[in-house]
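Report on the structure given below.
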Amino acid sequence: MVDSALSRPGQRDRYESKIAQIDWLFVGLLCCLTGIGILLLYSVGGMKWDPWAYKQLIFFCVCLVMMCALALVDLRIWLMGAYWFYGGSLLLLIAVEAVGDVRMGAQRWLSLGPLSFQPSEFMKLAIVLALARFYHECSAKDANLSWKLLIPAAMIGVPATLVMHQPDLGTAVLISLTGASVMILAGLNWKIIAAAAVGAVITVPLAFQYVLHDYQKKRILTFLNPEGDPSGDGYHILQSKIAMGSGGLLGKGLGLGSQSQLNFLPEKHTDFIMAAVCEELGFAGGFVIFLLYALIILMALRMASLSHSHFGRLAAAGATATFALYVLINGAMVMGLFPVVGVPMPLVSYGGSAMLMVMTGFGLVLGVKVHRYQELPRQASIFQRFE
């Protein structure tokens, strides 16, 4: 009934039709995942709503309404605002270099009165939108192999370098990998991919020696041998492994995890919340959470594939790639398969900035699905106009 109604002129632009086209099953999965996260925050907070669970619930409700509202936004608005959003985010990163707040040895925050935020979080979505617009206006030949590929490479490299300088290795890696994902999805030539992979392997030792800060080098060395300093740099990883292993199949139960409840587990409400999940809910609880992540990612990619516009497909797929990279990096980190880089588990870890960007990205994904029949004209880029 709805699909046939959408074929009538003007029917697709009616808000009733747009609301009906929102994938409510997808929204329900997001609510289930976040609900489990809030339950764990309640548990590791001493079976109390304060200090984390209540704030996370309120913020998720606000972000949920915002996400549904963004799903109704016309794709042409996303397209027109892509470069402006990227430029604004880049200016904020430059402002961090000049007047940013220093906390825990890192200069990552900007303060506007009582409001404090990390501009690097905005760049995670801004780079997706900017690259999606670039490739929307780019021919398939140029997207495959052309000198013009230096432009998206610079669009990724500049913000990644600024974030790395803050220093914030985790976010810099996320921005770089997200941008690379969009370039590959746009049709990047396999020869360039292979050359970039070889170049990355060659430059890793040089980057380790001359680019990384001392504490970042320690994190990588600790990742390779956490038992070398069990009460110092290796403490985070070892306690995470202990917590995950002690949960067994079904876990110890909510509020009964010794590592999390007795504060042996560091950052139990943010970066290492999955260790608390496995300790209190066991392998079964961890499996359910990762199953929800897999379903969300697959459904988001399917919605991206439905779009009739190149911009819509790349923007939705790029936003999904960012989310998937969050899950991959954090999951590997808490299991000791990746260095500790401060990347939270999306929608489960406590934190407003990450949730805001994740839900905004999913608002874009839902919007691509709602407006999947919309055709966006491919205007000539500024580089093509001078040819």
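Chain labels A, B, ... are given in the sequence in which chains occur in the structure tokens; within each chain residues are numbered consecutively from 1, and ligands are likewise numbered from 1 in the order shown.
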
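For A:Gln261, the list of residues within 8 Å, based on only C-alpha atoms and with local chain neighbours fewer than 4 positions off taken out, reads Val44, Gly45, Gly46, Gly255, Leu256 and Gly257 of chain A.
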
Query raised in the report: Quick one: residues within 9 Å of A:Met66, only C-alpha atoms counted, chain neighbours fewer than 3 positions away excluded, as an MDAnalysis selection string?
Result: chainID A and resid 61:63 69:71 359:360 363

Output the selection as a PDB file, in the first residue's frame - N, CA and C atoms for each residue.
ATOM      1  N   CYS A  61      17.418   9.494  24.621  1.00  0.00           N
ATOM      2  CA  CYS A  61      16.059   9.897  24.229  1.00  0.00           C
ATOM      3  C   CYS A  61      16.092  11.149  23.365  1.00  0.00           C
ATOM      4  N   VAL A  62      16.935  12.109  23.743  1.00  0.00           N
ATOM      5  CA  VAL A  62      17.071  13.331  22.942  1.00  0.00           C
ATOM      6  C   VAL A  62      17.641  13.001  21.566  1.00  0.00           C
ATOM      7  N   CYS A  63      18.688  12.165  21.536  1.00  0.00           N
ATOM      8  CA  CYS A  63      19.310  11.801  20.261  1.00  0.00           C
ATOM      9  C   CYS A  63      18.371  10.967  19.394  1.00  0.00           C
ATOM     10  N   ALA A  69      14.030  12.907  13.358  1.00  0.00           N
ATOM     11  CA  ALA A  69      13.804  14.173  12.652  1.00  0.00           C
ATOM     12  C   ALA A  69      14.747  14.302  11.459  1.00  0.00           C
ATOM     13  N   LEU A  70      16.007  13.895  11.640  1.00  0.00           N
ATOM     14  CA  LEU A  70      16.977  13.962  10.546  1.00  0.00           C
ATOM     15  C   LEU A  70      16.614  13.018   9.403  1.00  0.00           C
ATOM     16  N   ALA A  71      15.917  11.929   9.738  1.00  0.00           N
ATOM     17  CA  ALA A  71      15.508  10.980   8.697  1.00  0.00           C
ATOM     18  C   ALA A  71      14.530  11.609   7.704  1.00  0.00           C
ATOM     19  N   MET A 359      24.279   8.744  16.315  1.00  0.00           N
ATOM     20  CA  MET A 359      22.847   8.884  16.044  1.00  0.00           C
ATOM     21  C   MET A 359      22.594   9.842  14.880  1.00  0.00           C
ATOM     22  N   THR A 360      23.448  10.856  14.739  1.00  0.00           N
ATOM     23  CA  THR A 360      23.341  11.733  13.577  1.00  0.00           C
ATOM     24  C   THR A 360      23.642  10.957  12.304  1.00  0.00           C
ATOM     25  N   GLY A 363      20.731   8.917  11.520  1.00  0.00           N
ATOM     26  CA  GLY A 363      19.680   9.760  10.957  1.00  0.00           C
ATOM     27  C   GLY A 363      19.877   9.941   9.467  1.00  0.00           C
TER      28      GLY A 363
END

Query - Picked from stretch 66-268 of chain A by DSSP as alpha helix (DSSP H), as a ChimeraX atom specification - result: /A:66-70,75-99,119-136,140-144,150-165,169-185,190-210,214-224,235-246,258-261

Cut-off 8 Å: closest stretch 103-138 of chain A/stretch 181-198 of chain A atom pairs per residue, using only C-alpha atoms, as JSON lines:
{"residue": "A:Val128", "atom": "CA", "partner": "A:Val182", "partner_atom": "CA", "distance": 7.1}
{"residue": "A:Leu131", "atom": "CA", "partner": "A:Val182", "partner_atom": "CA", "distance": 7.0}
{"residue": "A:Ala132", "atom": "CA", "partner": "A:Val182", "partner_atom": "CA", "distance": 7.4}
{"residue": "A:Tyr135", "atom": "CA", "partner": "A:Ala186", "partner_atom": "CA", "distance": 6.8}

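For the set A:Leu79, A:Ala294, A:Leu356, A:Leu250, the residue with the smallest atom-to-atom gap to A:Leu314 is A:Leu79, counting only C-alpha atoms.
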
Interface rows for stretch 319-382 of chain A against stretch 201-221 of chain A: nearest pair, Å to one decimal, 10 Å, only C-alpha atoms, as JSON lines:
{"residue": "A:Phe338", "atom": "CA", "partner": "A:Ile220", "partner_atom": "CA", "distance": 8.4}
{"residue": "A:Pro339", "atom": "CA", "partner": "A:Ile220", "partner_atom": "CA", "distance": 5.5}
{"residue": "A:Val340", "atom": "CA", "partner": "A:Arg219", "partner_atom": "CA", "distance": 6.4}
{"residue": "A:Val341", "atom": "CA", "partner": "A:Arg219", "partner_atom": "CA", "distance": 8.1}

Report summary line: Judged by only C-alpha atoms, the minimum distance to A:Glu267 among A:Ala140, A:Met67, A:Leu169, A:Met345 is found for A:Met345

Listing only residues of stretch 26-63 of chain A within 9 Å of stretch 271-275 of chain A, what is the closest atom pair and its distance in Å (to one decimal) for each, using only C-alpha atoms, sorted by chain and residue number ascending, as JSON lines?
{"residue": "A:Gly37", "atom": "CA", "partner": "A:Ile273", "partner_atom": "CA", "distance": 8.5}
{"residue": "A:Leu40", "atom": "CA", "partner": "A:Ile273", "partner_atom": "CA", "distance": 7.9}
{"residue": "A:Leu41", "atom": "CA", "partner": "A:Ile273", "partner_atom": "CA", "distance": 8.3}
{"residue": "A:Val44", "atom": "CA", "partner": "A:Ile273", "partner_atom": "CA", "distance": 8.8}

Rows by chain and residue number, stretch 133-203 of chain A within 10 Å of stretch 321-326 of chain A, shortest pair, only C-alpha atoms, as a Markdown table:
| residue | atom | partner | partner_atom | distance |
| --- | --- | --- | --- | --- |
| A:Gly170 | CA | A:Tyr326 | CA | 9.6 |
| A:Thr171 | CA | A:Tyr326 | CA | 9.7 |
| A:Val173 | CA | A:Leu325 | CA | 9.6 |
| A:Leu174 | CA | A:Leu325 | CA | 6.9 |
| A:Ile175 | CA | A:Thr322 | CA | 8.2 |
| A:Leu177 | CA | A:Leu325 | CA | 7.9 |
| A:Thr178 | CA | A:Thr322 | CA | 5.6 |
| A:Gly179 | CA | A:Thr322 | CA | 9.1 |
| A:Ser181 | CA | A:Ala321 | CA | 7.0 |
| A:Val182 | CA | A:Ala321 | CA | 8.3 |

Writer output for current selection, C-alpha atoms, as a JSON list (two decimals), in the first residue's frame:
[["chain", "number", "residue", "atom", "x", "y", "z"],
["A", 170, "GLY", "CA", 42.25, 6.59, 18.10],
["A", 171, "THR", "CA", 40.21, 9.31, 16.44],
["A", 173, "VAL", "CA", 42.85, 6.25, 12.93],
["A", 174, "LEU", "CA", 39.05, 6.34, 12.72],
["A", 175, "ILE", "CA", 39.03, 9.37, 10.43],
["A", 177, "LEU", "CA", 40.04, 4.42, 7.95],
["A", 178, "THR", "CA", 36.58, 5.94, 7.39],
["A", 179, "GLY", "CA", 37.89, 8.13, 4.58],
["A", 181, "SER", "CA", 36.52, 3.12, 3.21],
["A", 182, "VAL", "CA", 34.58, 5.75, 1.26]]

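Closest approach to A:Ala317 from the set A:Leu301, A:Ala284, A:Leu292, A:Leu262 is made by A:Leu301, with distances taken over only C-alpha atoms.
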
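As for atom CA of A:Lys241 and atom CA of A:Pro346, they are spaced 20.2 Å apart.
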
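Between atom CA of A:His269 and atom CA of A:Leu254 there is a distance of 14.0 Å.
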
Query raised in the report: Which residue, A:Trp49, A:Tyr42, A:Tyr350, A:Phe117, has the smallest gap to A:Gly100 when you use only C-alpha atoms?
Result: A:Phe117

Report task. Can you check which residues of stretch 1-231 of chain A DSSP gives as strand (DSSP E) on the backbone and send them as a PyMOL selection string? Result -> chain A and resi 101-103+106-112+115-117

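The neighbours of stretch 108-113 of chain A here are the residues that come within 9 Å of it, using only C-alpha atoms and leaving out any residue fewer than 4 positions away in the same chain; they are A:Leu92, A:Leu93, A:Ala95, A:Val96, A:Glu97, A:Val99, A:Gly100, A:Asp101, A:Val102, A:Arg103, A:Phe117, A:Gln118, A:Pro119, A:Ser120, A:Val163, A:Gln166, A:Pro167, A:Asp168.
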